[in-house]
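Raw structure.pdb, PDB, C-alpha atoms and all ligand atoms:
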```pdb
MODEL        1
ATOM      1  CA  MET N 214      68.867 100.580 102.003
ATOM      2  CA  LYS N 215      71.234 100.808 104.927
ATOM      3  CA  ALA N 216      71.732  97.564 106.748
ATOM      4  CA  LYS N 217      74.344  97.151 109.414
ATOM      5  CA  ILE N 218      76.471  94.109 108.955
ATOM      6  CA  ALA N 219      76.983  91.893 111.988
ATOM      7  CA  LYS N 220      79.222  89.231 110.505
ATOM      8  CA  ILE N 221      82.119  89.202 108.112
ATOM      9  CA  LYS N 222      83.943  86.338 106.499
ATOM     10  CA  LEU N 223      87.425  86.096 105.145
ATOM     11  CA  VAL N 224      87.999  85.624 101.438
ATOM     12  CA  ARG N 225      91.566  85.376 100.231
ATOM     13  CA  VAL N 226      92.157  86.825  96.794
ATOM     14  CA  HIS N 227      95.089  87.758  94.624
ATOM     15  CA  TYR N 228      93.555  90.955  93.276
ATOM     16  CA  ILE N 229      90.905  92.849  95.200
ATOM     17  CA  PRO N 230      87.747  92.599  93.017
ATOM     18  CA  LYS N 231      86.197  95.762  91.576
ATOM     19  CA  THR N 232      82.750  94.941  92.904
ATOM     20  CA  LEU N 233      82.740  94.101  96.569
ATOM     21  CA  GLU N 234      80.043  92.257  98.429
ATOM     22  CA  PRO N 235      79.008  93.287 101.918
ATOM     23  CA  GLY N 236      80.035  90.992 104.746
ATOM     24  CA  ILE N 237      83.248  89.879 103.097
ATOM     25  CA  LEU N 238      86.757  90.840 104.058
ATOM     26  CA  TYR N 239      88.886  90.501 100.948
ATOM     27  CA  VAL N 240      92.504  89.871 101.793
ATOM     28  CA  SER N 241      95.374  89.973  99.354
ATOM     29  CA  GLU N 242      98.551  88.761 101.024
ATOM     30  CA  GLU N 243     100.503  89.547  97.865
ATOM     31  CA  PHE N 244      99.534  93.200  97.995
ATOM     32  CA  GLY N 245      99.418  93.387 101.782
ATOM     33  CA  ALA N 246      95.912  94.758 101.878
ATOM     34  CA  ALA N 247      92.488  93.964 103.243
ATOM     35  CA  VAL N 248      89.408  95.600 101.735
ATOM     36  CA  HIS N 249      85.762  95.431 102.734
ATOM     37  CA  LEU N 250      82.577  97.436 102.420
ATOM     38  CA  CYS N 251      81.883  99.591 105.444
ATOM     39  CA  ALA N 252      79.887  97.517 107.915
ATOM     40  CA  CYS N 253      77.309 100.282 108.442
ATOM     41  CA  GLY N 254      75.924  99.529 104.993
ATOM     42  CA  CYS N 255      76.826 102.902 103.471
ATOM     43  CA  GLY N 256      78.547 101.119 100.606
ATOM     44  CA  SER N 257      81.914 102.796 101.082
ATOM     45  CA  LYS N 258      85.043 100.805 100.456
ATOM     46  CA  VAL N 259      87.347 100.524 103.445
ATOM     47  CA  SER N 260      90.969  99.663 102.700
ATOM     48  CA  THR N 261      93.251  98.591 105.495
ATOM     49  CA  PRO N 262      96.903  98.004 104.645
ATOM     50  CA  LEU N 263      98.367  94.980 106.418
ATOM     51  CA  GLY N 264     101.768  95.062 108.039
ATOM     52  CA  PRO N 265     103.652  95.437 111.310
ATOM     53  CA  ALA N 266     102.910  99.177 111.446
ATOM     54  CA  GLU N 267      99.453  98.854 109.939
ATOM     55  CA  TRP N 268      96.637  96.399 110.575
ATOM     56  CA  ALA N 269      97.180  92.873 111.772
ATOM     57  CA  LEU N 270      94.989  90.147 110.351
ATOM     58  CA  GLU N 271      94.321  86.948 112.195
ATOM     59  CA  ASP N 272      92.393  84.046 110.763
ATOM     60  CA  THR N 273      90.758  82.617 113.861
ATOM     61  CA  GLY N 274      89.145  79.722 112.022
ATOM     62  CA  CYS N 275      85.710  81.149 112.830
ATOM     63  CA  GLY N 276      86.272  84.349 110.923
ATOM     64  CA  PRO N 277      88.858  87.075 110.560
ATOM     65  CA  SER N 278      90.090  89.434 113.279
ATOM     66  CA  LEU N 279      91.614  92.770 112.402
ATOM     67  CA  ARG N 280      93.586  94.894 114.834
ATOM     68  CA  PRO N 281      93.378  97.739 115.633
ATOM     69  CA  SER N 282      89.757  98.768 115.130
ATOM     70  CA  ILE N 283      88.331 100.129 111.897
ATOM     71  CA  GLY N 284      87.873 103.866 112.340
ATOM     72  CA  SER N 285      86.428 105.334 109.185
ATOM     73  CA  TRP N 286      86.668 108.951 110.220
ATOM     74  CA  GLN N 287      87.265 109.959 106.622
ATOM     75  CA  LEU N 288      83.845 108.598 105.609
ATOM     76  CA  PRO N 289      80.597 110.548 106.129
ATOM     77  CA  CYS N 290      79.286 107.727 108.350
ATOM     78  CA  LYS N 291      82.352 107.928 110.661
ATOM     79  CA  SER N 292      81.876 104.280 111.543
ATOM     80  CA  HIS N 293      84.026 102.769 114.229
ATOM     81  CA  TYR N 294      83.984  99.059 114.828
ATOM     82  CA  PHE N 295      86.097  96.073 115.618
ATOM     83  CA  ILE N 296      86.358  92.957 113.498
ATOM     84  CA  ASN N 297      86.795  90.103 115.906
ATOM     85  CA  GLY N 298      86.478  86.456 115.025
ATOM     86  CA  GLY N 299      84.259  87.236 112.058
ATOM     87  CA  LEU N 300      81.959  89.490 114.101
ATOM     88  CA  ILE N 301      81.478  93.225 113.769
ATOM     89  CA  LEU N 302      81.606  94.860 117.175
ATOM     90  CA  TRP N 303      80.381  98.433 117.097
ATOM     91  CA  ALA N 304      82.260 101.004 119.079
ATOM     92  CA  GLY N 305      79.791 103.827 118.561
ATOM     93  CA  GLN N 306      80.445 106.938 116.557
ATOM     94  CA  TRP N 307      83.569 108.980 116.773
ATOM     95  CA  SER N 308      83.312 112.419 118.255
ATOM     96  CA  GLU N 309      85.532 115.114 116.769
ATOM     97  CA  GLU N 310      87.851 114.776 119.743
ATOM     98  CA  GLN N 311      88.109 111.011 119.365
ATOM     99  CA  ILE N 312      88.893 111.441 115.679
ATOM    100  CA  THR N 313      91.804 113.699 116.508
ATOM    101  CA  LEU N 314      92.997 111.326 119.218
ATOM    102  CA  GLY N 315      92.627 108.359 116.881
ATOM    103  CA  ARG N 316      94.682 110.056 114.215
ATOM    104  CA  GLN N 317      97.357 110.974 116.719
ATOM    105  CA  ALA N 318      97.474 107.443 118.090
ATOM    106  CA  GLU N 319      97.876 106.089 114.580
ATOM    107  CA  GLU N 320     100.712 108.457 113.774
ATOM    108  CA  LYS N 321     102.365 107.636 117.080
ATOM    109  CA  ARG N 322     102.092 103.916 116.416
ATOM    110  CA  ARG N 323     103.735 104.307 113.000
ATOM    111  CA  CYS N 324     106.386 106.586 114.425
ATOM    112  CA  ILE N 325     107.238 104.174 117.264
ATOM    113  CA  TYR N 326     107.481 101.307 114.827
ATOM    114  CA  TYR N 327     109.773 103.073 112.372
ATOM    115  CA  ASN N 328     111.908 104.407 115.192
ATOM    116  CA  SER N 329     112.281 100.910 116.567
ATOM    117  CA  LEU N 330     113.575  99.802 113.176
ATOM    118  CA  GLU N 331     116.290 102.449 113.163
ATOM    119  CA  ARG N 332     117.287 102.419 116.802
ATOM    120  CA  PRO N 333     118.767  98.940 117.462
ATOM    121  CA  SER N 334     121.719  99.290 115.074
ATOM    122  CA  ALA N 335     122.539 102.726 116.477
ATOM    123  CA  GLY N 336     122.297 101.343 120.003
ATOM    124  CA  VAL N 337     124.620  98.435 119.261
ATOM    125  CA  LEU N 338     127.204 100.736 117.696
ATOM    126  CA  GLN N 339     127.005 103.050 120.639
ATOM    127  CA  LYS N 340     127.506 100.175 123.088
ATOM    128  CA  LEU N 341     130.456  98.934 121.087
ATOM    129  CA  TRP N 342     131.931 102.409 121.091
ATOM    130  CA  HIS N 343     131.547 102.732 124.855
ATOM    131  CA  TRP N 344     133.063  99.295 125.339
ATOM    132  CA  LEU N 345     136.055 100.177 123.136
ATOM    133  CA  LYS N 346     136.497 103.452 124.960
ATOM    134  CA  SER N 347     136.407 101.664 128.316
ATOM    135  CA  LEU N 348     139.237  99.356 127.186
ATOM    136  CA  PHE N 349     141.575 102.297 126.700
ATOM    137  CA  GLN N 350     140.710 104.123 129.859
TER     138      GLN N 350
HETATM  139 ZN    ZN O 401      79.720 103.423 106.570
ENDMDL
END
```
Is it possible to express this structure as structure tokens?
Amino acid sequence: MKAKIAKIKLVRVHYIPKTLEPGILYVSEEFGAAVHLCACGCGSKVSTPLGPAEWALEDTGCGPSLRPSIGSWQLPCKSHYFINGGLILWAGQWSEEQITLGRQAEEKRRCIYYNSLERPSAGVLQKLWHWLKSLFQ
């Protein structure tokens, strides 16, 4: 039986349990992961790694929020929804084009983040170098 889930609650765990219940977002801070059953009711497990370049979890007090949206383009159901304040907000199904765009956006986001980690030190060195050079000119 397929039943769309409209609400999800946050359950903090150390280890993600083997059997998951629908309507629960299992979060393991230790392992930096959130796992839940796909909200369309297909029974697929959806894992979202948590981190600055991954998903951001917010405990709003009235339920969890996850950013960005959950786009399960790798699942047959291709569900796409938002988890916002414990509510599942459906974004409709992904078209092939949206899937490609979604993937690209995700790669871009990761890329921007990792670049931003590397760049500041290089930038500071470069500034220092220019400053030193200007002293001797
Ligand atoms: Zn599904």
Please identify all protein, DNA and RNA residues within 6 Å of ligand ZN 401 (chain O), counting only C-alpha atoms and all ligand atoms, and report them as a VMD selection string. chain N and resid 251 253 to 255 257 290 292
Could you state which residues are captured by the PyMOL selection byres (((chain N and resi 243-249) around 12) and not hetatm) in this file, as a PyMOL selection string? chain N and resi 218+220-242+250-271+277-280+283+285+296
Could you state the separation of CA of Arg322 (chain N) and CA of Leu288 (chain N) in Å, given to one decimal place?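 Here the two named atoms are 21.7 Å from each other.
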I'd like the interatomic distance between CA of Asp272 (chain N) and CA of Ala216 (chain N), to a tenth of an Å.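 Between CA of Asp272 (chain N) and CA of Ala216 (chain N) the gap works out to 25.0 Å.
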Go ahead and compute the interatomic distance for CA of Leu314 (chain N) and CA of Leu330 (chain N), in Å to one decimal. 24.3 Å
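Here the PyMOL selection byres (((chain N and resi 312) around 12) and not hetatm) matches the residues Ile283, Gly284, Ser285, Trp286, Gln287, Leu288, Lys291, Ser292, His293, Gln306, Trp307, Ser308, Glu309, Glu310, Gln311, Thr313, Leu314, Gly315, Arg316, Gln317, Ala318 and Glu319 of chain N.
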So which residues touch Tyr294 (chain N) within 7 Å, counting all atoms listed in the file, skipping near sequence neighbours fewer than 6 positions away, as number ranges by chain? N: 282-284, 301-304
Atoms are missing here; could region 257-273 of chain N be completed with N, CA, C and O atoms and written as a PDB file, in the coordinates of the input?
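Listing of part36.pdb after writing:
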```pdb
ATOM      1  N   SER N 257      80.561 102.296 101.293  1.00  0.00           N
ATOM      2  CA  SER N 257      81.914 102.796 101.082  1.00  0.00           C
ATOM      3  C   SER N 257      82.932 101.675 101.232  1.00  0.00           C
ATOM      4  O   SER N 257      82.764 100.771 102.056  1.00  0.00           O
ATOM      5  N   LYS N 258      83.977 101.792 100.414  1.00  0.00           N
ATOM      6  CA  LYS N 258      85.043 100.805 100.456  1.00  0.00           C
ATOM      7  C   LYS N 258      86.028 101.204 101.551  1.00  0.00           C
ATOM      8  O   LYS N 258      86.428 102.356 101.635  1.00  0.00           O
ATOM      9  N   VAL N 259      86.376 100.247 102.390  1.00  0.00           N
ATOM     10  CA  VAL N 259      87.347 100.524 103.445  1.00  0.00           C
ATOM     11  C   VAL N 259      88.595  99.680 103.185  1.00  0.00           C
ATOM     12  O   VAL N 259      88.531  98.452 103.173  1.00  0.00           O
ATOM     13  N   SER N 260      89.713 100.364 102.939  1.00  0.00           N
ATOM     14  CA  SER N 260      90.969  99.663 102.700  1.00  0.00           C
ATOM     15  C   SER N 260      91.833  99.737 103.947  1.00  0.00           C
ATOM     16  O   SER N 260      91.998 100.806 104.517  1.00  0.00           O
ATOM     17  N   THR N 261      92.348  98.613 104.358  1.00  0.00           N
ATOM     18  CA  THR N 261      93.251  98.591 105.495  1.00  0.00           C
ATOM     19  C   THR N 261      94.536  97.892 105.076  1.00  0.00           C
ATOM     20  O   THR N 261      94.532  96.694 104.815  1.00  0.00           O
ATOM     21  N   PRO N 262      95.625  98.642 104.974  1.00  0.00           N
ATOM     22  CA  PRO N 262      96.903  98.004 104.645  1.00  0.00           C
ATOM     23  C   PRO N 262      97.333  97.077 105.778  1.00  0.00           C
ATOM     24  O   PRO N 262      97.081  97.368 106.948  1.00  0.00           O
ATOM     25  N   LEU N 263      97.920  95.942 105.410  1.00  0.00           N
ATOM     26  CA  LEU N 263      98.367  94.980 106.418  1.00  0.00           C
ATOM     27  C   LEU N 263      99.874  95.076 106.576  1.00  0.00           C
ATOM     28  O   LEU N 263     100.593  95.211 105.597  1.00  0.00           O
ATOM     29  N   GLY N 264     100.327  95.016 107.798  1.00  0.00           N
ATOM     30  CA  GLY N 264     101.768  95.062 108.039  1.00  0.00           C
ATOM     31  C   GLY N 264     102.042  95.348 109.496  1.00  0.00           C
ATOM     32  O   GLY N 264     101.124  95.680 110.245  1.00  0.00           O
ATOM     33  N   PRO N 265     103.312  95.244 109.893  1.00  0.00           N
ATOM     34  CA  PRO N 265     103.652  95.437 111.310  1.00  0.00           C
ATOM     35  C   PRO N 265     103.245  96.811 111.844  1.00  0.00           C
ATOM     36  O   PRO N 265     102.909  96.938 113.016  1.00  0.00           O
ATOM     37  N   ALA N 266     103.276  97.836 110.987  1.00  0.00           N
ATOM     38  CA  ALA N 266     102.910  99.177 111.446  1.00  0.00           C
ATOM     39  C   ALA N 266     101.488  99.529 111.039  1.00  0.00           C
ATOM     40  O   ALA N 266     101.036 100.630 111.266  1.00  0.00           O
ATOM     41  N   GLU N 267     100.809  98.578 110.420  1.00  0.00           N
ATOM     42  CA  GLU N 267      99.453  98.854 109.939  1.00  0.00           C
ATOM     43  C   GLU N 267      98.471  97.942 110.671  1.00  0.00           C
ATOM     44  O   GLU N 267      98.547  97.844 111.869  1.00  0.00           O
ATOM     45  N   TRP N 268      97.599  97.290 109.932  1.00  0.00           N
ATOM     46  CA  TRP N 268      96.637  96.399 110.575  1.00  0.00           C
ATOM     47  C   TRP N 268      97.175  94.972 110.616  1.00  0.00           C
ATOM     48  O   TRP N 268      97.918  94.560 109.730  1.00  0.00           O
ATOM     49  N   ALA N 269      96.783  94.265 111.638  1.00  0.00           N
ATOM     50  CA  ALA N 269      97.180  92.873 111.772  1.00  0.00           C
ATOM     51  C   ALA N 269      95.957  91.998 111.559  1.00  0.00           C
ATOM     52  O   ALA N 269      94.924  92.198 112.196  1.00  0.00           O
ATOM     53  N   LEU N 270      96.088  91.061 110.653  1.00  0.00           N
ATOM     54  CA  LEU N 270      94.989  90.147 110.351  1.00  0.00           C
ATOM     55  C   LEU N 270      95.253  88.807 111.005  1.00  0.00           C
ATOM     56  O   LEU N 270      96.369  88.302 110.974  1.00  0.00           O
ATOM     57  N   GLU N 271      94.209  88.272 111.606  1.00  0.00           N
ATOM     58  CA  GLU N 271      94.321  86.948 112.195  1.00  0.00           C
ATOM     59  C   GLU N 271      93.145  86.126 111.706  1.00  0.00           C
ATOM     60  O   GLU N 271      92.001  86.576 111.772  1.00  0.00           O
ATOM     61  N   ASP N 272      93.453  84.944 111.190  1.00  0.00           N
ATOM     62  CA  ASP N 272      92.393  84.046 110.763  1.00  0.00           C
ATOM     63  C   ASP N 272      92.113  83.108 111.920  1.00  0.00           C
ATOM     64  O   ASP N 272      92.872  82.191 112.198  1.00  0.00           O
ATOM     65  N   THR N 273      91.018  83.365 112.629  1.00  0.00           N
ATOM     66  CA  THR N 273      90.758  82.617 113.861  1.00  0.00           C
ATOM     67  C   THR N 273      90.158  81.248 113.590  1.00  0.00           C
ATOM     68  O   THR N 273      89.981  80.455 114.505  1.00  0.00           O
TER      69      THR N 273
END
```
